[in-house]
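Visitor: Sharing entry39.txt here; it has compact mmCIF, N, CA and C atoms.
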# COMPACT_ATOMS: atom_id res chain seq x y z
N MET A 1 -105.56 34.70 46.06
CA MET A 1 -106.21 35.94 46.44
C MET A 1 -105.20 36.97 46.91
N ASN A 2 -104.15 36.55 47.60
CA ASN A 2 -103.11 37.46 48.05
C ASN A 2 -101.89 37.41 47.14
N GLU A 3 -102.12 37.39 45.85
CA GLU A 3 -101.03 37.35 44.88
C GLU A 3 -100.83 38.73 44.28
N LEU A 4 -99.59 38.98 43.89
CA LEU A 4 -99.32 40.21 43.17
C LEU A 4 -99.92 40.11 41.78
N VAL A 5 -100.74 41.08 41.44
CA VAL A 5 -101.35 41.12 40.12
C VAL A 5 -100.59 42.17 39.32
N PRO A 6 -100.14 41.80 38.13
CA PRO A 6 -99.38 42.77 37.34
C PRO A 6 -100.18 44.06 37.09
N ILE A 7 -99.49 45.16 37.13
CA ILE A 7 -100.11 46.46 36.90
C ILE A 7 -100.12 46.72 35.40
N SER A 8 -101.26 47.20 34.90
CA SER A 8 -101.34 47.52 33.48
C SER A 8 -100.39 48.67 33.16
N THR A 9 -99.97 48.74 31.93
CA THR A 9 -99.06 49.81 31.49
C THR A 9 -99.71 51.18 31.69
N THR A 10 -101.01 51.27 31.42
CA THR A 10 -101.71 52.54 31.59
C THR A 10 -101.72 52.97 33.05
N ALA A 11 -102.05 52.04 33.95
CA ALA A 11 -102.07 52.37 35.38
C ALA A 11 -100.67 52.74 35.87
N LEU A 12 -99.68 52.00 35.43
CA LEU A 12 -98.30 52.27 35.85
C LEU A 12 -97.87 53.67 35.44
N TRP A 13 -98.12 54.04 34.19
CA TRP A 13 -97.70 55.35 33.71
C TRP A 13 -98.54 56.48 34.31
N THR A 14 -99.81 56.21 34.54
CA THR A 14 -100.64 57.21 35.21
C THR A 14 -100.10 57.45 36.62
N GLY A 15 -99.76 56.37 37.33
CA GLY A 15 -99.18 56.49 38.67
C GLY A 15 -97.86 57.22 38.66
N ARG A 16 -97.03 56.93 37.69
CA ARG A 16 -95.74 57.62 37.59
C ARG A 16 -95.92 59.11 37.33
N ILE A 17 -96.87 59.45 36.47
CA ILE A 17 -97.11 60.86 36.15
C ILE A 17 -97.66 61.59 37.37
N LEU A 18 -98.66 61.00 38.06
CA LEU A 18 -99.20 61.63 39.26
C LEU A 18 -98.11 61.80 40.31
N SER A 19 -97.34 60.74 40.54
CA SER A 19 -96.25 60.82 41.52
C SER A 19 -95.20 61.84 41.10
N GLY A 20 -94.90 61.88 39.81
CA GLY A 20 -93.92 62.84 39.31
C GLY A 20 -94.35 64.28 39.54
N LEU A 21 -95.64 64.56 39.34
CA LEU A 21 -96.15 65.91 39.58
C LEU A 21 -96.03 66.28 41.07
N VAL A 22 -96.37 65.35 41.94
CA VAL A 22 -96.25 65.58 43.38
C VAL A 22 -94.79 65.81 43.75
N ILE A 23 -93.91 64.98 43.22
CA ILE A 23 -92.48 65.09 43.52
C ILE A 23 -91.93 66.43 43.05
N LEU A 24 -92.26 66.83 41.83
CA LEU A 24 -91.76 68.12 41.32
C LEU A 24 -92.25 69.28 42.17
N PHE A 25 -93.54 69.27 42.52
CA PHE A 25 -94.08 70.35 43.34
C PHE A 25 -93.38 70.40 44.69
N LEU A 26 -93.25 69.25 45.35
CA LEU A 26 -92.65 69.23 46.68
C LEU A 26 -91.16 69.55 46.67
N LEU A 27 -90.45 69.15 45.61
CA LEU A 27 -89.04 69.53 45.50
C LEU A 27 -88.91 71.05 45.38
N PHE A 28 -89.78 71.65 44.57
CA PHE A 28 -89.79 73.11 44.44
C PHE A 28 -90.14 73.77 45.77
N ASP A 29 -91.19 73.27 46.42
CA ASP A 29 -91.63 73.84 47.70
C ASP A 29 -90.54 73.73 48.76
N GLY A 30 -89.90 72.58 48.84
CA GLY A 30 -88.82 72.41 49.81
C GLY A 30 -87.63 73.28 49.51
N ALA A 31 -87.28 73.40 48.23
CA ALA A 31 -86.11 74.19 47.83
C ALA A 31 -86.29 75.67 48.13
N ILE A 32 -87.48 76.22 47.88
CA ILE A 32 -87.66 77.66 48.13
C ILE A 32 -87.65 77.97 49.63
N LYS A 33 -87.91 76.97 50.45
CA LYS A 33 -87.83 77.19 51.90
C LYS A 33 -86.38 77.18 52.38
N LEU A 34 -85.50 76.53 51.64
CA LEU A 34 -84.08 76.51 52.02
C LEU A 34 -83.39 77.84 51.76
N ILE A 35 -83.87 78.59 50.78
CA ILE A 35 -83.16 79.80 50.37
C ILE A 35 -83.21 80.90 51.44
N PRO A 36 -84.17 81.22 52.19
CA PRO A 36 -85.59 81.28 51.92
C PRO A 36 -85.95 82.58 51.20
N LEU A 37 -86.85 82.47 50.26
CA LEU A 37 -87.28 83.64 49.49
C LEU A 37 -88.18 84.55 50.33
N ASP A 38 -88.32 85.78 49.88
CA ASP A 38 -89.18 86.74 50.60
C ASP A 38 -90.61 86.23 50.72
N ILE A 39 -91.10 85.57 49.67
CA ILE A 39 -92.47 85.05 49.70
C ILE A 39 -92.63 84.01 50.80
N VAL A 40 -91.59 83.24 51.06
CA VAL A 40 -91.63 82.23 52.13
C VAL A 40 -91.70 82.92 53.48
N ILE A 41 -90.90 83.93 53.68
CA ILE A 41 -90.88 84.67 54.94
C ILE A 41 -92.23 85.35 55.18
N GLU A 42 -92.74 86.00 54.16
CA GLU A 42 -94.02 86.72 54.30
C GLU A 42 -95.17 85.75 54.56
N THR A 43 -95.20 84.65 53.84
CA THR A 43 -96.27 83.66 54.03
C THR A 43 -96.17 83.04 55.42
N SER A 44 -94.96 82.77 55.88
CA SER A 44 -94.77 82.22 57.22
C SER A 44 -95.34 83.17 58.27
N ARG A 45 -95.05 84.45 58.11
CA ARG A 45 -95.57 85.45 59.06
C ARG A 45 -97.10 85.46 59.05
N GLN A 46 -97.69 85.44 57.86
CA GLN A 46 -99.15 85.47 57.74
C GLN A 46 -99.80 84.25 58.39
N LEU A 47 -99.11 83.11 58.32
CA LEU A 47 -99.66 81.87 58.88
C LEU A 47 -99.29 81.66 60.34
N GLY A 48 -98.48 82.54 60.89
CA GLY A 48 -98.09 82.42 62.29
C GLY A 48 -96.99 81.40 62.53
N ILE A 49 -96.22 81.09 61.50
CA ILE A 49 -95.09 80.16 61.63
C ILE A 49 -93.83 80.97 61.86
N PRO A 50 -93.05 80.66 62.90
CA PRO A 50 -91.79 81.39 63.09
C PRO A 50 -90.92 81.29 61.83
N THR A 51 -90.42 82.41 61.37
CA THR A 51 -89.68 82.44 60.10
C THR A 51 -88.38 81.64 60.15
N ASN A 52 -87.84 81.43 61.35
CA ASN A 52 -86.61 80.65 61.45
C ASN A 52 -86.85 79.15 61.21
N LEU A 53 -88.10 78.73 61.12
CA LEU A 53 -88.41 77.32 60.84
C LEU A 53 -88.45 76.99 59.35
N ALA A 54 -88.31 77.99 58.48
CA ALA A 54 -88.42 77.76 57.04
C ALA A 54 -87.43 76.70 56.55
N VAL A 55 -86.19 76.80 56.97
CA VAL A 55 -85.17 75.84 56.53
C VAL A 55 -85.50 74.44 57.05
N THR A 56 -85.91 74.35 58.30
CA THR A 56 -86.28 73.04 58.87
C THR A 56 -87.43 72.42 58.08
N LEU A 57 -88.45 73.22 57.79
CA LEU A 57 -89.59 72.71 57.02
C LEU A 57 -89.16 72.31 55.61
N GLY A 58 -88.24 73.08 55.03
CA GLY A 58 -87.73 72.74 53.71
C GLY A 58 -87.00 71.40 53.71
N VAL A 59 -86.18 71.17 54.73
CA VAL A 59 -85.44 69.91 54.84
C VAL A 59 -86.42 68.75 55.03
N LEU A 60 -87.42 68.92 55.90
CA LEU A 60 -88.42 67.87 56.11
C LEU A 60 -89.17 67.55 54.82
N THR A 61 -89.53 68.58 54.08
CA THR A 61 -90.22 68.37 52.81
C THR A 61 -89.34 67.60 51.83
N LEU A 62 -88.08 67.99 51.72
CA LEU A 62 -87.18 67.34 50.77
C LEU A 62 -86.87 65.90 51.17
N VAL A 63 -86.68 65.64 52.46
CA VAL A 63 -86.40 64.27 52.90
C VAL A 63 -87.60 63.37 52.62
N GLY A 64 -88.79 63.82 52.98
CA GLY A 64 -90.00 63.03 52.70
C GLY A 64 -90.20 62.80 51.22
N THR A 65 -89.94 63.82 50.43
CA THR A 65 -90.12 63.71 48.97
C THR A 65 -89.11 62.75 48.37
N LEU A 66 -87.86 62.81 48.81
CA LEU A 66 -86.86 61.89 48.29
C LEU A 66 -87.17 60.45 48.69
N LEU A 67 -87.65 60.24 49.91
CA LEU A 67 -88.07 58.90 50.32
C LEU A 67 -89.23 58.41 49.47
N TYR A 68 -90.17 59.29 49.17
CA TYR A 68 -91.32 58.95 48.33
C TYR A 68 -90.88 58.64 46.89
N ALA A 69 -89.91 59.35 46.39
CA ALA A 69 -89.47 59.18 45.01
C ALA A 69 -88.73 57.87 44.79
N TYR A 70 -88.06 57.37 45.83
CA TYR A 70 -87.29 56.13 45.72
C TYR A 70 -88.23 54.95 45.96
N PRO A 71 -88.37 54.04 44.98
CA PRO A 71 -89.36 52.96 45.08
C PRO A 71 -89.29 52.12 46.35
N ARG A 72 -88.10 51.81 46.85
CA ARG A 72 -88.00 50.95 48.04
C ARG A 72 -88.50 51.63 49.30
N THR A 73 -88.49 52.97 49.34
CA THR A 73 -88.93 53.70 50.53
C THR A 73 -90.16 54.57 50.26
N SER A 74 -90.82 54.34 49.14
CA SER A 74 -91.93 55.21 48.74
C SER A 74 -93.09 55.21 49.73
N VAL A 75 -93.40 54.06 50.33
CA VAL A 75 -94.50 54.02 51.30
C VAL A 75 -94.13 54.81 52.55
N LEU A 76 -92.91 54.65 53.05
CA LEU A 76 -92.46 55.44 54.19
C LEU A 76 -92.53 56.93 53.86
N GLY A 77 -92.05 57.32 52.68
CA GLY A 77 -92.13 58.72 52.27
C GLY A 77 -93.56 59.22 52.21
N ALA A 78 -94.47 58.40 51.70
CA ALA A 78 -95.88 58.79 51.62
C ALA A 78 -96.47 58.99 53.02
N ILE A 79 -96.11 58.12 53.94
CA ILE A 79 -96.61 58.25 55.31
C ILE A 79 -96.08 59.53 55.96
N LEU A 80 -94.79 59.79 55.82
CA LEU A 80 -94.20 61.00 56.39
C LEU A 80 -94.79 62.26 55.76
N LEU A 81 -94.96 62.24 54.44
CA LEU A 81 -95.53 63.41 53.77
C LEU A 81 -97.00 63.61 54.14
N THR A 82 -97.72 62.53 54.40
CA THR A 82 -99.11 62.66 54.83
C THR A 82 -99.19 63.39 56.17
N GLY A 83 -98.30 63.03 57.08
CA GLY A 83 -98.25 63.74 58.35
C GLY A 83 -97.89 65.20 58.17
N TYR A 84 -96.93 65.46 57.32
CA TYR A 84 -96.50 66.84 57.03
C TYR A 84 -97.66 67.64 56.44
N LEU A 85 -98.37 67.05 55.50
CA LEU A 85 -99.51 67.73 54.88
C LEU A 85 -100.63 67.97 55.89
N GLY A 86 -100.80 67.02 56.81
CA GLY A 86 -101.79 67.22 57.88
C GLY A 86 -101.46 68.43 58.73
N GLY A 87 -100.17 68.61 59.01
CA GLY A 87 -99.74 69.79 59.75
C GLY A 87 -100.00 71.07 58.97
N ALA A 88 -99.78 71.02 57.67
CA ALA A 88 -100.04 72.20 56.83
C ALA A 88 -101.53 72.54 56.82
N ILE A 89 -102.37 71.51 56.78
CA ILE A 89 -103.82 71.74 56.81
C ILE A 89 -104.20 72.41 58.13
N TYR A 90 -103.66 71.90 59.24
CA TYR A 90 -103.94 72.50 60.54
C TYR A 90 -103.54 73.97 60.59
N VAL A 91 -102.36 74.29 60.08
CA VAL A 91 -101.89 75.68 60.09
C VAL A 91 -102.85 76.57 59.32
N HIS A 92 -103.33 76.09 58.19
CA HIS A 92 -104.27 76.89 57.39
C HIS A 92 -105.62 77.03 58.07
N VAL A 93 -106.08 75.98 58.74
CA VAL A 93 -107.34 76.07 59.49
C VAL A 93 -107.20 77.12 60.59
N ARG A 94 -106.11 77.03 61.33
CA ARG A 94 -105.85 77.96 62.43
C ARG A 94 -105.74 79.40 61.96
N ALA A 95 -105.16 79.60 60.77
CA ALA A 95 -104.97 80.95 60.25
C ALA A 95 -106.22 81.49 59.56
N GLY A 96 -107.24 80.64 59.40
CA GLY A 96 -108.46 81.09 58.74
C GLY A 96 -108.30 81.26 57.24
N SER A 97 -107.44 80.46 56.62
CA SER A 97 -107.21 80.54 55.17
C SER A 97 -108.46 80.09 54.41
N PRO A 98 -108.58 80.52 53.15
CA PRO A 98 -109.72 80.05 52.33
C PRO A 98 -109.74 78.52 52.25
N LEU A 99 -110.93 77.94 52.34
CA LEU A 99 -111.07 76.50 52.46
C LEU A 99 -110.59 75.74 51.24
N PHE A 100 -111.17 76.00 50.08
CA PHE A 100 -110.92 75.16 48.90
C PHE A 100 -109.57 75.41 48.24
N SER A 101 -109.07 76.63 48.31
CA SER A 101 -107.80 76.93 47.62
C SER A 101 -106.57 76.70 48.51
N HIS A 102 -106.68 76.93 49.79
CA HIS A 102 -105.51 76.85 50.67
C HIS A 102 -105.59 75.71 51.68
N THR A 103 -106.66 75.70 52.46
CA THR A 103 -106.78 74.72 53.53
C THR A 103 -106.81 73.29 53.00
N LEU A 104 -107.59 73.05 51.97
CA LEU A 104 -107.72 71.69 51.44
C LEU A 104 -106.65 71.33 50.41
N PHE A 105 -105.72 72.23 50.14
CA PHE A 105 -104.67 71.92 49.17
C PHE A 105 -103.85 70.70 49.60
N GLY A 106 -103.59 70.58 50.90
CA GLY A 106 -102.88 69.40 51.42
C GLY A 106 -103.66 68.12 51.17
N VAL A 107 -104.98 68.18 51.24
CA VAL A 107 -105.81 67.01 50.94
C VAL A 107 -105.67 66.64 49.47
N TYR A 108 -105.75 67.64 48.60
CA TYR A 108 -105.61 67.39 47.16
C TYR A 108 -104.25 66.75 46.86
N LEU A 109 -103.22 67.30 47.45
CA LEU A 109 -101.87 66.78 47.23
C LEU A 109 -101.74 65.36 47.78
N GLY A 110 -102.33 65.11 48.93
CA GLY A 110 -102.31 63.78 49.51
C GLY A 110 -103.03 62.75 48.65
N ILE A 111 -104.14 63.15 48.05
CA ILE A 111 -104.87 62.25 47.14
C ILE A 111 -104.00 61.90 45.93
N LEU A 112 -103.36 62.91 45.36
CA LEU A 112 -102.46 62.66 44.23
C LEU A 112 -101.29 61.78 44.64
N LEU A 113 -100.73 62.05 45.82
CA LEU A 113 -99.58 61.30 46.33
C LEU A 113 -99.92 59.82 46.49
N TRP A 114 -101.00 59.53 47.22
CA TRP A 114 -101.39 58.14 47.47
C TRP A 114 -101.97 57.48 46.22
N GLY A 115 -102.70 58.24 45.41
CA GLY A 115 -103.24 57.69 44.17
C GLY A 115 -102.13 57.28 43.22
N GLY A 116 -101.13 58.12 43.07
CA GLY A 116 -99.99 57.79 42.22
C GLY A 116 -99.25 56.57 42.72
N LEU A 117 -99.06 56.49 44.03
CA LEU A 117 -98.37 55.34 44.62
C LEU A 117 -99.18 54.07 44.45
N TYR A 118 -100.49 54.16 44.66
CA TYR A 118 -101.36 52.99 44.53
C TYR A 118 -101.32 52.44 43.10
N LEU A 119 -101.31 53.34 42.14
CA LEU A 119 -101.31 52.90 40.73
C LEU A 119 -99.98 52.29 40.30
N ARG A 120 -98.89 52.62 40.97
CA ARG A 120 -97.58 52.12 40.54
C ARG A 120 -96.97 51.07 41.46
N ASP A 121 -97.61 50.75 42.59
CA ASP A 121 -97.03 49.83 43.56
C ASP A 121 -97.95 48.63 43.80
N GLU A 122 -97.49 47.45 43.35
CA GLU A 122 -98.29 46.23 43.50
C GLU A 122 -98.52 45.86 44.96
N ARG A 123 -97.53 46.12 45.82
CA ARG A 123 -97.65 45.78 47.23
C ARG A 123 -98.76 46.56 47.92
N LEU A 124 -98.90 47.82 47.54
CA LEU A 124 -99.95 48.64 48.13
C LEU A 124 -101.33 48.14 47.70
N ARG A 125 -101.42 47.62 46.50
CA ARG A 125 -102.69 47.06 46.01
C ARG A 125 -103.07 45.80 46.79
N LEU A 126 -102.09 45.06 47.29
CA LEU A 126 -102.40 43.90 48.12
C LEU A 126 -102.99 44.31 49.47
N ILE A 127 -102.48 45.40 50.01
CA ILE A 127 -102.95 45.87 51.31
C ILE A 127 -104.35 46.47 51.20
N PHE A 128 -104.59 47.22 50.14
CA PHE A 128 -105.88 47.89 49.93
C PHE A 128 -106.49 47.47 48.59
N PRO A 129 -107.01 46.25 48.52
CA PRO A 129 -107.58 45.81 47.24
C PRO A 129 -108.94 46.46 46.97
N TRP A 130 -109.23 46.70 45.72
CA TRP A 130 -110.55 47.18 45.33
C TRP A 130 -111.51 46.01 45.37
N ARG A 131 -112.67 46.21 45.90
CA ARG A 131 -113.72 45.18 45.94
C ARG A 131 -114.68 45.43 44.79
N ARG A 132 -115.06 44.34 44.14
CA ARG A 132 -116.01 44.48 43.01
C ARG A 132 -117.35 43.97 43.40
Show me the file's structure as C-alpha cells.

Guide:
Amino acid sequence: MNELVPISTTALWTGRILSGLVILFLLFDGAIKLIPLDIVIETSRQLGIPTNLAVTLGVLTLVGTLLYAYPRTSVLGAILLTGYLGGAIYVHVRAGSPLFSHTLFGVYLGILLWGGLYLRDERLRLIFPWRR
C-alpha cells in the first residue's frame, strides 16, 4: 500500500509541462523585479509595496523557483513558493484588486505548481494518495 507506483508517461509529461509553465512565468516575474522595470515600480506603488523591495522580492521568487525546478528540492521550492503566493494574495486583497484576475491569480498559480509536482513526483503521491 505504501509502495511507489510508477507514473504513467502521460501524467509525467503533463506534470512536466505544468511545472515548466510555472517555472517560466516565475523566472520572468523574478527577473523583471531585479531590473526593475517601470511597470514593476508603478505596480508596487499601486499595491502599497515599498519600491525598494522589488529586488528582494525578485531574489525570493528566483530562489524558490530554482528550488522548485530542481527535482531533489522541488517540494521545498513548492512550499516556499506557496508561502510567497499567499503573501501576494494578501497584498491584492488589501489593495482591493479585482478578485478573479488579480487576487486569485496566486491560487491559480499554486494549483498549477502543486498539480504539476504531484503528477511528476512519486513521493508526493505516497503522501497524498487518491482514494477510489

Visitor: If I take atom CA of Arg123 of chain A and atom CA of Gly86 of chain A, how far is one from the other in Å, to one decimal?

Guide: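 For atom CA of Arg123 of chain A relative to atom CA of Gly86 of chain A, the distance reads 24.3 Å.
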
Visitor: So, with only C-alpha atoms as the atoms that count, which of A:Leu85, A:Leu60, A:Leu80, A:Ile23 lies closest to Thr103 of chain A?

Guide: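 Among the listed residues, the smallest separation from Thr103 of chain A belongs to A:Leu85.
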
Visitor: So the first atom is atom CA of Asp38 of chain A and the second is atom C of Leu112 of chain A; what is the distance between them in Å, to one decimal place?

Guide: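 One can read the atom CA of Asp38 of chain A to atom C of Leu112 of chain A distance as 28.4 Å.
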
Visitor: Calculate, to one decimal in Å, the centre and edge lengths of the box along x, y and z of the file that holds all listed atoms of segment 34-48 of chain A with 3 Å of margin on each side, and present them as JSON.

Guide:
{"center_x": -91.5, "center_y": 81.6, "center_z": 56.0, "size_x": 22.6, "size_y": 16.2, "size_z": 19.0}

Visitor: Between atom N of Val5 of chain A and atom CA of Leu124 of chain A, what is the spacing in Å?

Guide: 10.1 Å

Visitor: Kindly indicate which residue among A:Ser19, A:Val55, A:Val63, A:Val91 lies nearest to Gly110 of chain A, using only C-alpha atoms for the distances.

Guide: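 When distances to Gly110 of chain A are compared using only C-alpha atoms, the smallest one comes from A:Ser19.
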
Visitor: Could you check the closest approach to Gln46 of chain A for each of A:Tyr108, A:Ala95, A:Phe25, A:Arg72 and tell me which residue wins, using only N, CA and C atoms?

Guide: A:Ala95

Visitor: Which residues of segment 52-83 of chain A come within 6 Å of segment 27-30 of chain A, and for each one, what is the closest pair of atoms and their distance in Å to one decimal, counting only C-alpha atoms, sorted by chain and residue number, as JSON lines?

Guide:
{"residue": "A:Gly58", "atom": "CA", "partner": "A:Gly30", "partner_atom": "CA", "distance": 4.1}
{"residue": "A:Thr61", "atom": "CA", "partner": "A:Gly30", "partner_atom": "CA", "distance": 5.2}
{"residue": "A:Leu62", "atom": "CA", "partner": "A:Gly30", "partner_atom": "CA", "distance": 5.4}

Visitor: Between A:Ile35, A:Leu119, A:Ala78, A:Val93, which is the closest to Ser8 of chain A once you count all atoms listed in the file?

Guide: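 The shortest atom-to-atom distance to Ser8 of chain A comes from A:Leu119.
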
Visitor: Within 8 Å of segment 11-16 of chain A, which residues of segment 21-117 of chain A come that close, and what is the closest atom pair and distance in Å for each? Count only C-alpha atoms and give it as a tab-separated table.

Guide:
residue	atom	partner	partner_atom	distance
A:Gly115	CA	A:Gly15	CA	6.9
A:Gly116	CA	A:Gly15	CA	3.9
A:Leu117	CA	A:Gly15	CA	6.1

Visitor: Using only C-alpha atoms for the distances, tell me which of A:Leu113, A:Ile89, A:Ile39, A:Ala54 is nearest to Ser74 of chain A.

Guide: A:Leu113
